[in-house]
Amino acid sequence: HLFFLLSGFGLAYSQMRKPLAYRAFIRRKFAKIYIPYAFVVILTAAISLLLPLFPTDGYALAGHLLLFKMFDESIMSTYGYQFWFISTLFQFYLLFPLLYKVFERLSTPAWMLLIFLIGAAWIGLTLLWGEAENRVFNGAFFTYLWEFGLAIWLAKQTIKQQKFPHPPTSWLVVTAVVGLGVYAGIGLTGNPNWRAGNDLFALGGYTSLAWLLYRYGGAQLRLLFGKLNQWGYPLYLLHMLLLEAAKYLAGDRFNIGLAAFTLGVALVAAAQLE
């Protein structure tokens with residue numbers, strides 16, 4: 001959820017500061033997002049021919065590379081569960097110029113009403129159709145449009161006020177506790193219909209917690225946040241491949257310590273790729 005908020009903020013902020021034509025925008029995202037993604041998918045598929053980390057399938061590989069996996073639940077999470085997010089992200093990238101034009105033409109109340117109504121309607125339809133567990137439906141951009149749209153508005157406020165909004169600490173603490181508490185409680189129910197409505201609590205809880213850590217975590221933690229901002233995308237792409245390889249090679253000896261070490265290796269690798 002936080003990734004969608006940050007992605008929407010970054011796109012809108014850049015577009016407001018330095019507008020790009022649609023073709024230039026797509027070319028930039030193709031080079032920055034698609035090429036590293038395609039490289040990791042091909043690498044994962046190649047390694048899976050030697051080590052049984054993931055099922056190898058030409059159709060699934062084509063679905064990733066040609067971006068039609070977002071319409072097929074059977075291959076949505078092949079070569080790494082985390083790749084469902086990439087499908088949603090590409091949907092937003094393709095539609096961002098249109099969304100931005102709509103945002104420019106509407107007042108703030110109208111924009112907020114529009115994005116929340118579309119999101120609520122889509123979630124309602126997903127539940128009505130019995131597709132709450134289907135990634136094609138619950139991972140569609142409609143589900144997260146309110147987060148992305150909220151980020152566009154935040155970018156406008158940041159430029160207008162020449163600073164990012166800074167909510168009081170008490171507000172952040174309450175939002176973090178309530179948001180994460182409700183989010184965890186809904187998750188423990190195991191009810192997919194209830195989980196369909198937990199996005200608001202997840203976004204509020206995780207965002208507030210991250211904000212508090214950044215504000216009070218000290219210089220070293222803020223430095224780490226800055227580095228993760230640079231390395232986050234390659235780390236996101238690589239971490240499941242390295243974890244699955246470590247689990248396969250270690251077998252019964254795989255434990256939380258080895259998992260932490262593997263994530264450290266993934267972080268180093270991500271830093272080199274960036």
# chains A, B, ... in the order shown; residues from 1 in each chain; ligands from 1
$ closest_atom_pairs --of "stretch 9-114 of chain A" --to "stretch 219-241 of chain A" --cutoff "10 Å" --atoms "only C-alpha atoms" --output "JSON lines"
{"residue": "A:Lys32", "atom": "CA", "partner": "A:Tyr233", "partner_atom": "CA", "distance": 9.7}
{"residue": "A:Ile33", "atom": "CA", "partner": "A:Tyr233", "partner_atom": "CA", "distance": 8.3}
{"residue": "A:Pro36", "atom": "CA", "partner": "A:Pro234", "partner_atom": "CA", "distance": 7.5}
{"residue": "A:Tyr37", "atom": "CA", "partner": "A:Leu237", "partner_atom": "CA", "distance": 6.7}
{"residue": "A:Ala38", "atom": "CA", "partner": "A:Leu237", "partner_atom": "CA", "distance": 9.8}
{"residue": "A:Phe39", "atom": "CA", "partner": "A:Leu237", "partner_atom": "CA", "distance": 9.6}
{"residue": "A:Val40", "atom": "CA", "partner": "A:Leu237", "partner_atom": "CA", "distance": 6.7}
{"residue": "A:Val41", "atom": "CA", "partner": "A:Leu237", "partner_atom": "CA", "distance": 8.5}
{"residue": "A:Leu43", "atom": "CA", "partner": "A:Leu241", "partner_atom": "CA", "distance": 9.2}
{"residue": "A:Thr44", "atom": "CA", "partner": "A:Leu241", "partner_atom": "CA", "distance": 6.5}
{"residue": "A:Ala45", "atom": "CA", "partner": "A:Leu241", "partner_atom": "CA", "distance": 9.9}
{"residue": "A:Ile47", "atom": "CA", "partner": "A:Leu241", "partner_atom": "CA", "distance": 9.1}
{"residue": "A:Ser48", "atom": "CA", "partner": "A:Leu241", "partner_atom": "CA", "distance": 9.6}
{"residue": "A:Leu53", "atom": "CA", "partner": "A:Leu241", "partner_atom": "CA", "distance": 7.9}
{"residue": "A:Phe54", "atom": "CA", "partner": "A:Leu241", "partner_atom": "CA", "distance": 9.0}
{"residue": "A:Tyr79", "atom": "CA", "partner": "A:Leu241", "partner_atom": "CA", "distance": 7.8}
{"residue": "A:Gly80", "atom": "CA", "partner": "A:Met240", "partner_atom": "CA", "distance": 5.9}
{"residue": "A:Tyr81", "atom": "CA", "partner": "A:Met240", "partner_atom": "CA", "distance": 7.8}
{"residue": "A:Gln82", "atom": "CA", "partner": "A:Met240", "partner_atom": "CA", "distance": 7.6}
{"residue": "A:Phe83", "atom": "CA", "partner": "A:Leu237", "partner_atom": "CA", "distance": 7.8}
{"residue": "A:Ile86", "atom": "CA", "partner": "A:Leu237", "partner_atom": "CA", "distance": 9.4}
$ residues_around --residues "A:Ser208" --least-positions-apart "4" --cutoff "8 Å" --atoms "only C-alpha atoms" --output "list in words"
Leu172, Val173, Thr175, Ala176, Gly204 and Leu212 of chain A
$ write_last_selection --atoms "C-alpha atoms" --output "compact mmCIF listing (two decimals), in the first residue's frame"
# COMPACT_ATOMS: atom_id res chain seq x y z
CA LEU A 172 0.76 9.37 13.82
CA VAL A 173 0.87 7.22 16.96
CA THR A 175 -3.11 6.05 13.35
CA ALA A 176 -0.28 3.52 13.56
CA GLY A 204 -2.66 4.34 7.58
CA LEU A 212 7.53 7.81 13.18
$ select_by_dssp --residues "stretch 84-187 of chain A" --states "alpha helix (DSSP H)" --output "VMD selection string"
chain A and resid 84 to 105 108 to 128 135 to 138 145 to 161 169 to 187
$ closest_atom_pairs --of "stretch 136-216 of chain A" --to "stretch 14-24 of chain A" --cutoff "12 Å" --atoms "only C-alpha atoms" --output "Markdown table"
| residue | atom | partner | partner_atom | distance |
| --- | --- | --- | --- | --- |
| A:Ile152 | CA | A:Met16 | CA | 9.8 |
| A:Trp153 | CA | A:Met16 | CA | 11.2 |
| A:Leu154 | CA | A:Met16 | CA | 11.8 |
| A:Ala155 | CA | A:Met16 | CA | 8.2 |
| A:Lys156 | CA | A:Met16 | CA | 7.7 |
| A:Gln157 | CA | A:Met16 | CA | 11.1 |
| A:Thr158 | CA | A:Met16 | CA | 10.6 |
| A:Ile159 | CA | A:Met16 | CA | 8.2 |
| A:Lys160 | CA | A:Met16 | CA | 10.5 |
| A:Gln162 | CA | A:Arg17 | CA | 11.8 |
$ residues_around --residues "stretch 103-120 of chain A" --least-positions-apart "2" --cutoff "7 Å" --atoms "only C-alpha atoms" --output "PyMOL selection string"
chain A and resi 99-101+122-124+142-146+149
$ atom_distance --atom1 "atom CA of A:Tyr59" --atom2 "atom CA of A:Ala132"
24.9 Å
$ residues_around --residues "A:Tyr34" --least-positions-apart "6" --cutoff "10 Å" --atoms "only C-alpha atoms" --output "PyMOL selection string"
chain A and resi 27-28+65+67+86+90
$ decode --residues "stretch 3-128 of chain A" --atoms "C-alpha atoms" --output "PDB file, in the first residue's frame"
ATOM      1  CA  PHE A   3       4.512   1.602  -2.365  1.00  0.00           C
ATOM      2  CA  PHE A   4       1.439   2.687  -4.339  1.00  0.00           C
ATOM      3  CA  LEU A   5       1.248   5.906  -2.335  1.00  0.00           C
ATOM      4  CA  LEU A   6       4.940   6.648  -2.880  1.00  0.00           C
ATOM      5  CA  SER A   7       4.753   5.730  -6.576  1.00  0.00           C
ATOM      6  CA  GLY A   8       1.792   8.020  -7.143  1.00  0.00           C
ATOM      7  CA  PHE A   9       3.459  10.840  -5.225  1.00  0.00           C
ATOM      8  CA  GLY A  10       6.720  10.490  -7.157  1.00  0.00           C
ATOM      9  CA  LEU A  11       4.994  10.407 -10.542  1.00  0.00           C
ATOM     10  CA  ALA A  12       2.757  13.387  -9.811  1.00  0.00           C
ATOM     11  CA  TYR A  13       5.534  15.434  -8.196  1.00  0.00           C
ATOM     12  CA  SER A  14       7.817  14.893 -11.191  1.00  0.00           C
ATOM     13  CA  GLN A  15       5.051  15.668 -13.667  1.00  0.00           C
ATOM     14  CA  MET A  16       4.174  18.902 -11.869  1.00  0.00           C
ATOM     15  CA  ARG A  17       7.795  20.009 -11.703  1.00  0.00           C
ATOM     16  CA  LYS A  18       8.828  18.858 -15.173  1.00  0.00           C
ATOM     17  CA  PRO A  19       5.916  17.786 -17.404  1.00  0.00           C
ATOM     18  CA  LEU A  20       6.571  15.000 -19.908  1.00  0.00           C
ATOM     19  CA  ALA A  21       4.634  14.036 -23.006  1.00  0.00           C
ATOM     20  CA  TYR A  22       3.018  10.586 -22.875  1.00  0.00           C
ATOM     21  CA  ARG A  23       5.601   8.910 -25.129  1.00  0.00           C
ATOM     22  CA  ALA A  24       8.531  10.350 -23.194  1.00  0.00           C
ATOM     23  CA  PHE A  25       6.891   9.291 -19.929  1.00  0.00           C
ATOM     24  CA  ILE A  26       6.377   5.692 -21.130  1.00  0.00           C
ATOM     25  CA  ARG A  27       9.932   5.487 -22.508  1.00  0.00           C
ATOM     26  CA  ARG A  28      11.352   6.584 -19.167  1.00  0.00           C
ATOM     27  CA  LYS A  29       9.305   4.035 -17.221  1.00  0.00           C
ATOM     28  CA  PHE A  30      10.147   1.317 -19.750  1.00  0.00           C
ATOM     29  CA  ALA A  31      13.859   1.874 -19.177  1.00  0.00           C
ATOM     30  CA  LYS A  32      13.644   2.309 -15.407  1.00  0.00           C
ATOM     31  CA  ILE A  33      10.985  -0.258 -14.464  1.00  0.00           C
ATOM     32  CA  TYR A  34      10.324  -2.743 -17.252  1.00  0.00           C
ATOM     33  CA  ILE A  35      13.896  -3.609 -18.323  1.00  0.00           C
ATOM     34  CA  PRO A  36      15.131  -4.520 -14.787  1.00  0.00           C
ATOM     35  CA  TYR A  37      11.910  -6.468 -14.207  1.00  0.00           C
ATOM     36  CA  ALA A  38      12.257  -8.396 -17.482  1.00  0.00           C
ATOM     37  CA  PHE A  39      15.920  -9.112 -16.702  1.00  0.00           C
ATOM     38  CA  VAL A  40      15.107 -10.604 -13.274  1.00  0.00           C
ATOM     39  CA  VAL A  41      12.215 -12.657 -14.673  1.00  0.00           C
ATOM     40  CA  ILE A  42      14.428 -14.109 -17.430  1.00  0.00           C
ATOM     41  CA  LEU A  43      17.214 -14.746 -14.889  1.00  0.00           C
ATOM     42  CA  THR A  44      14.753 -16.503 -12.566  1.00  0.00           C
ATOM     43  CA  ALA A  45      13.388 -18.629 -15.400  1.00  0.00           C
ATOM     44  CA  ALA A  46      16.937 -19.583 -16.491  1.00  0.00           C
ATOM     45  CA  ILE A  47      18.011 -20.534 -12.956  1.00  0.00           C
ATOM     46  CA  SER A  48      14.797 -22.526 -12.524  1.00  0.00           C
ATOM     47  CA  LEU A  49      15.880 -24.712 -15.435  1.00  0.00           C
ATOM     48  CA  LEU A  50      18.883 -25.785 -13.316  1.00  0.00           C
ATOM     49  CA  LEU A  51      17.360 -25.624  -9.822  1.00  0.00           C
ATOM     50  CA  PRO A  52      13.663 -26.415  -9.194  1.00  0.00           C
ATOM     51  CA  LEU A  53      12.927 -23.043  -7.614  1.00  0.00           C
ATOM     52  CA  PHE A  54       9.883 -22.124  -9.693  1.00  0.00           C
ATOM     53  CA  PRO A  55       7.872 -24.040 -12.310  1.00  0.00           C
ATOM     54  CA  THR A  56       9.222 -23.185 -15.756  1.00  0.00           C
ATOM     55  CA  ASP A  57       6.617 -22.446 -18.376  1.00  0.00           C
ATOM     56  CA  GLY A  58       6.872 -20.649 -21.698  1.00  0.00           C
ATOM     57  CA  TYR A  59       3.365 -19.244 -21.414  1.00  0.00           C
ATOM     58  CA  ALA A  60       4.054 -17.822 -17.945  1.00  0.00           C
ATOM     59  CA  LEU A  61       7.335 -16.299 -19.122  1.00  0.00           C
ATOM     60  CA  ALA A  62       5.571 -14.700 -22.090  1.00  0.00           C
ATOM     61  CA  GLY A  63       2.889 -13.405 -19.733  1.00  0.00           C
ATOM     62  CA  HIS A  64       5.527 -11.545 -17.746  1.00  0.00           C
ATOM     63  CA  LEU A  65       7.451 -10.191 -20.704  1.00  0.00           C
ATOM     64  CA  LEU A  66       4.379  -9.193 -22.720  1.00  0.00           C
ATOM     65  CA  LEU A  67       2.489  -7.993 -19.621  1.00  0.00           C
ATOM     66  CA  PHE A  68      -0.640 -10.079 -20.155  1.00  0.00           C
ATOM     67  CA  LYS A  69      -0.179 -12.012 -16.907  1.00  0.00           C
ATOM     68  CA  MET A  70      -2.200  -9.281 -15.192  1.00  0.00           C
ATOM     69  CA  PHE A  71      -5.268 -10.832 -16.852  1.00  0.00           C
ATOM     70  CA  ASP A  72      -4.535 -14.487 -15.961  1.00  0.00           C
ATOM     71  CA  GLU A  73      -4.688 -15.581 -12.318  1.00  0.00           C
ATOM     72  CA  SER A  74      -2.854 -18.849 -13.084  1.00  0.00           C
ATOM     73  CA  ILE A  75       0.392 -17.038 -13.952  1.00  0.00           C
ATOM     74  CA  MET A  76      -0.014 -13.833 -11.949  1.00  0.00           C
ATOM     75  CA  SER A  77       2.551 -14.787  -9.291  1.00  0.00           C
ATOM     76  CA  THR A  78       4.829 -17.120 -11.237  1.00  0.00           C
ATOM     77  CA  TYR A  79       8.598 -16.645 -10.784  1.00  0.00           C
ATOM     78  CA  GLY A  80       7.894 -14.890  -7.467  1.00  0.00           C
ATOM     79  CA  TYR A  81       4.732 -13.955  -5.599  1.00  0.00           C
ATOM     80  CA  GLN A  82       5.847 -10.328  -5.337  1.00  0.00           C
ATOM     81  CA  PHE A  83       5.439  -9.846  -9.081  1.00  0.00           C
ATOM     82  CA  TRP A  84       1.661  -9.380  -8.733  1.00  0.00           C
ATOM     83  CA  PHE A  85       2.498  -5.839  -7.599  1.00  0.00           C
ATOM     84  CA  ILE A  86       4.378  -5.129 -10.828  1.00  0.00           C
ATOM     85  CA  SER A  87       1.243  -5.843 -12.855  1.00  0.00           C
ATOM     86  CA  THR A  88      -0.729  -3.267 -10.879  1.00  0.00           C
ATOM     87  CA  LEU A  89       2.115  -0.769 -11.105  1.00  0.00           C
ATOM     88  CA  PHE A  90       2.227  -1.053 -14.896  1.00  0.00           C
ATOM     89  CA  GLN A  91      -1.517  -0.453 -15.043  1.00  0.00           C
ATOM     90  CA  PHE A  92      -1.034   2.796 -13.141  1.00  0.00           C
ATOM     91  CA  TYR A  93       1.889   3.839 -15.332  1.00  0.00           C
ATOM     92  CA  LEU A  94      -0.118   3.312 -18.495  1.00  0.00           C
ATOM     93  CA  LEU A  95      -3.096   5.226 -17.104  1.00  0.00           C
ATOM     94  CA  PHE A  96      -1.265   7.927 -15.140  1.00  0.00           C
ATOM     95  CA  PRO A  97      -1.365  10.631 -17.871  1.00  0.00           C
ATOM     96  CA  LEU A  98      -5.150  10.208 -18.154  1.00  0.00           C
ATOM     97  CA  LEU A  99      -5.594  10.217 -14.365  1.00  0.00           C
ATOM     98  CA  TYR A 100      -3.465  13.335 -14.090  1.00  0.00           C
ATOM     99  CA  LYS A 101      -5.553  15.169 -16.689  1.00  0.00           C
ATOM    100  CA  VAL A 102      -8.734  14.291 -14.795  1.00  0.00           C
ATOM    101  CA  PHE A 103      -7.118  15.458 -11.546  1.00  0.00           C
ATOM    102  CA  GLU A 104      -6.226  18.832 -13.094  1.00  0.00           C
ATOM    103  CA  ARG A 105      -9.821  19.419 -14.181  1.00  0.00           C
ATOM    104  CA  LEU A 106     -11.562  18.529 -10.910  1.00  0.00           C
ATOM    105  CA  SER A 107     -11.764  20.287  -7.589  1.00  0.00           C
ATOM    106  CA  THR A 108     -10.223  18.534  -4.584  1.00  0.00           C
ATOM    107  CA  PRO A 109     -13.576  17.343  -3.138  1.00  0.00           C
ATOM    108  CA  ALA A 110     -14.684  16.047  -6.553  1.00  0.00           C
ATOM    109  CA  TRP A 111     -11.375  14.222  -7.074  1.00  0.00           C
ATOM    110  CA  MET A 112     -11.478  12.607  -3.634  1.00  0.00           C
ATOM    111  CA  LEU A 113     -15.097  11.564  -4.106  1.00  0.00           C
ATOM    112  CA  LEU A 114     -14.347  10.107  -7.530  1.00  0.00           C
ATOM    113  CA  ILE A 115     -11.363   7.972  -6.504  1.00  0.00           C
ATOM    114  CA  PHE A 116     -13.022   6.653  -3.348  1.00  0.00           C
ATOM    115  CA  LEU A 117     -16.286   5.834  -5.131  1.00  0.00           C
ATOM    116  CA  ILE A 118     -14.467   3.972  -7.930  1.00  0.00           C
ATOM    117  CA  GLY A 119     -12.399   2.010  -5.407  1.00  0.00           C
ATOM    118  CA  ALA A 120     -15.422   1.162  -3.253  1.00  0.00           C
ATOM    119  CA  ALA A 121     -17.486   0.161  -6.302  1.00  0.00           C
ATOM    120  CA  TRP A 122     -14.744  -2.127  -7.614  1.00  0.00           C
ATOM    121  CA  ILE A 123     -14.247  -3.814  -4.224  1.00  0.00           C
ATOM    122  CA  GLY A 124     -18.012  -4.274  -3.976  1.00  0.00           C
ATOM    123  CA  LEU A 125     -18.156  -5.874  -7.416  1.00  0.00           C
ATOM    124  CA  THR A 126     -15.204  -8.114  -6.592  1.00  0.00           C
ATOM    125  CA  LEU A 127     -17.049  -9.396  -3.516  1.00  0.00           C
ATOM    126  CA  LEU A 128     -20.339  -9.737  -5.436  1.00  0.00           C
TER     127      LEU A 128
END
